[in-house]
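See structure below.
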Amino acid sequence: MPHLMISAAHKSSGKTTVSIGLCAALQRRGLAVQPFKKGPDYIDPLWLGQAAGRPCYNLDYHTMAPEEIEAFFARRSAGADLAIIEGNKGLYDGLDLDGSNSNAALAVQLQAPVVLVLDTRGMTRGVAPLILGYQAFEPRIRIAGVILNSVGGSRHEGKLRRVIEHYTDVRVVGAVPRSSRMAIDERHLGLMPSNEAEAAQARIDTIADHVGANVDLDALLEIAHSAPPFPAAPPEPEERPVARVRIAVARDAAFGFYYPDDLEAFARAGAELVYFDTLRDSAMPEADGLFIGGGFPETAMAALEANQAMRRSIRAFIENGGPAYAECGGLMYLCEEIAWQGRRAGMVGVLPARVQMHQKPQGRGYVRLCETAQHPWPDGQPGRVVKAHEFHYSGLESLHRELPWAWQVERGYGVDGRHDGLVYRNLLANYSHMRNVGGNHWVRRFVARVAEVRG
């Protein structure tokens with residue numbers, strides 16, 4: 001199956017925007033493009049998925065074993081014309097000194113040729129040693145092409161091309177001129193999510209026009225087809241449904257951080273997902289359980305506060321013992337209020353705490369959690385360690401009533417640096433984001449809890 005990786009020398013090189021443009025431009029040709037994102041991320045995959053017209057899936061060494069990544073990649077790529085993997089940060093950046101969790105490691109494992117997106121602002125002859133160094137650093141990596149980004153004009157492009165052709169054997173497959181048309185609004189967690197941007201599709205179309213006109217798409221496809229044949233996708237492991245239950249999921253401009261494979265796991269577990277809008281709907285739908293994922297409730301806090309009927313509906317469901325799960329932004333929404341930029345807004349109020357937004361991250365990166373005996377879901381194993389991730393600028397200012405904790409934090413921050421996972425009635429609310437993978441079948445456990453409470 002043809003595939004390649006889009007990477008860069010360093011973060012903020014424009015590789016996400018270029019990747020969005022490539023997915024959309026190739027999809028316009030009638031190709032089925034399967035996007036992937038390396039590492040834990042919700043925002044970039046939202047854009048990539050919308051651009052490709054297919055869900056974007058994450059490949060993450062922290063939560064997934066290498067063999068699990070290979071099988072997952074093969075299964076999710078099956079039936080596509082090509083797969084595009086967008087790296088995170090720079091090609092060789094990663095947590096470990098040996099680069100075992102880097103983009104380069106993933107490219108080697110998946111035998112993916114690499115196309116480097118290079119931010120060329122202020123650069124001419126220096127582009128050659130940069131490329132040569134990246135080629136020499138890891139001989140197993142095949143840098144099959146470069147896309148020159150933020151090019152200053154035709155003269156600048158000509159200089160760059162001549163230098164690269166003279167000193168290296170790497171193919172220039174595109175030169176994307178600097179343009180405000182390529183910009184996507186940013187905020188504290190990176191790009192604005194596409195579920196918030198009202199004109200997201202129009203922006204994607206504009207980016208696709210610009211990238212498609214300045215990148216040799218045929219050359220890119222040739223590189224993707226040069227990847228060695230990938231092993232056939234192993235069959236999806238058989239899973240018996242846990243129970244037939246109905247789970248309401250908040251998905252709107254405030255809450256949109258959901259891994260598509262996690263949502264698919266709900267169906268395999270027997271759950272029917274019913275989506276609702278916390279900003280516009282007057283009540284959550286009739287359901288056996290409730291799931292509120294992450295997002296940016298602070299940017300929509302006035303509208304969330306104004307929808308009192310929805311807040312009452314959710315509060316009544318939880319207070320009456322309805323099983324619920326919330327992550328990060330969902331946790332914030334279930335607290336008493338959110339304070340941000342000198343303003344305060346009332347939220348659902350089932351968790352006895354106030355949320356304060358800060359200028360710097362309060363928790364950021366990979367986490368390791370140890371399960372406590374207070375974890376509310378069936379099949380619990382106190383002492384079991386789960387790997388997840390967090391990224392939040394908010395913190396709980398005052399937790400003015402003692403509640404049980406589902407997790408002890410071994411790495412990361414969680415709620416207070418030592419604990420995460422507030423338990424109230426049949427609600428579990430974490431700052432940490434879970435991923436339903438081989439080492440953490442959280443979806444089946446939650447569905448089992450929903451069925452247990454209903455029964």
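Each chain in the structure tokens gets a letter, A, B, ..., in the order shown, and its residues are numbered from 1; ligands are numbered from 1 in order too.
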Would you list, as a tab-separated table (two decimals) with C-alpha atoms, in the first residue's frame, the residues of stretch 45-272 of chain A that end up in strand (DSSP E) under DSSP run on this structure's backbone?
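Result went into states11.tsv, see below:
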chain	number	residue	atom	x	y	z
A	57	TYR	CA	-5.77	7.94	13.26
A	58	ASN	CA	-2.94	8.38	15.76
A	59	LEU	CA	0.22	6.26	15.98
A	82	LEU	CA	-2.30	5.84	-0.20
A	83	ALA	CA	-1.55	6.72	3.41
A	84	ILE	CA	0.01	9.98	4.58
A	85	ILE	CA	1.59	10.01	8.04
A	86	GLU	CA	2.17	13.47	9.48
A	114	VAL	CA	10.13	10.72	4.18
A	115	VAL	CA	9.29	14.06	2.60
A	116	LEU	CA	10.74	16.94	4.60
A	117	VAL	CA	8.88	20.24	4.81
A	118	LEU	CA	11.55	22.92	5.23
A	119	ASP	CA	10.81	26.40	6.51
A	143	ILE	CA	14.55	11.22	2.66
A	144	ALA	CA	12.91	10.93	-0.73
A	145	GLY	CA	12.02	14.56	-1.25
A	146	VAL	CA	11.69	18.03	0.22
A	147	ILE	CA	8.95	20.62	0.05
A	148	LEU	CA	10.28	24.15	0.38
A	149	ASN	CA	7.83	26.11	2.51
A	150	SER	CA	7.37	29.86	3.08
A	151	VAL	CA	9.40	30.64	-0.04
A	172	VAL	CA	12.52	19.05	-4.64
A	173	VAL	CA	8.86	18.09	-5.02
A	174	GLY	CA	7.39	21.50	-4.22
A	175	ALA	CA	8.00	25.12	-3.35
A	176	VAL	CA	5.12	26.74	-1.48
A	177	PRO	CA	5.21	30.56	-1.48
A	186	GLU	CA	-3.71	29.39	16.62
A	187	ARG	CA	-4.24	29.41	20.35
A	190	GLY	CA	-1.83	24.90	18.75
A	191	LEU	CA	-4.14	25.24	15.76
A	245	VAL	CA	-26.40	0.31	25.84
A	246	ARG	CA	-26.99	3.87	24.61
A	247	ILE	CA	-24.35	6.48	25.41
A	248	ALA	CA	-24.77	10.23	24.89
A	249	VAL	CA	-21.61	11.95	23.61
A	250	ALA	CA	-21.11	15.73	23.69
A	255	PHE	CA	-16.04	19.49	22.97
A	256	GLY	CA	-14.48	17.67	20.04
A	257	PHE	CA	-11.43	15.78	21.31
A	271	ALA	CA	-22.82	0.67	22.56
A	272	GLU	CA	-24.91	2.99	20.43
Residues within 8 Å of A:Ala232, only C-alpha atoms, excluding chain neighbours under 2 positions, as an mmCIF file with N, CA and C atoms, in the first residue's frame:
data_model
loop_
_atom_site.group_PDB
_atom_site.id
_atom_site.type_symbol
_atom_site.label_atom_id
_atom_site.label_comp_id
_atom_site.auth_asym_id
_atom_site.auth_seq_id
_atom_site.Cartn_x
_atom_site.Cartn_y
_atom_site.Cartn_z
ATOM 1 N N ALA A 74 -1.769 -1.088 9.269
ATOM 2 C CA ALA A 74 -2.161 -1.926 8.137
ATOM 3 C C ALA A 74 -3.676 -2.022 8.014
ATOM 4 N N PHE A 230 3.818 -3.450 2.101
ATOM 5 C CA PHE A 230 3.561 -3.594 3.537
ATOM 6 C C PHE A 230 2.795 -4.890 3.774
ATOM 7 N N PRO A 234 -3.636 -7.688 9.415
ATOM 8 C CA PRO A 234 -4.172 -8.809 10.187
ATOM 9 C C PRO A 234 -5.636 -8.541 10.522
#
Quick one: residues within 10 Å of A:Pro45, only C-alpha atoms counted, chain neighbours fewer than 3 positions away excluded, as a ChimeraX atom specification? /A:16,20,35-38,40-42,48-51,55-58,86,193-194,257,259-260
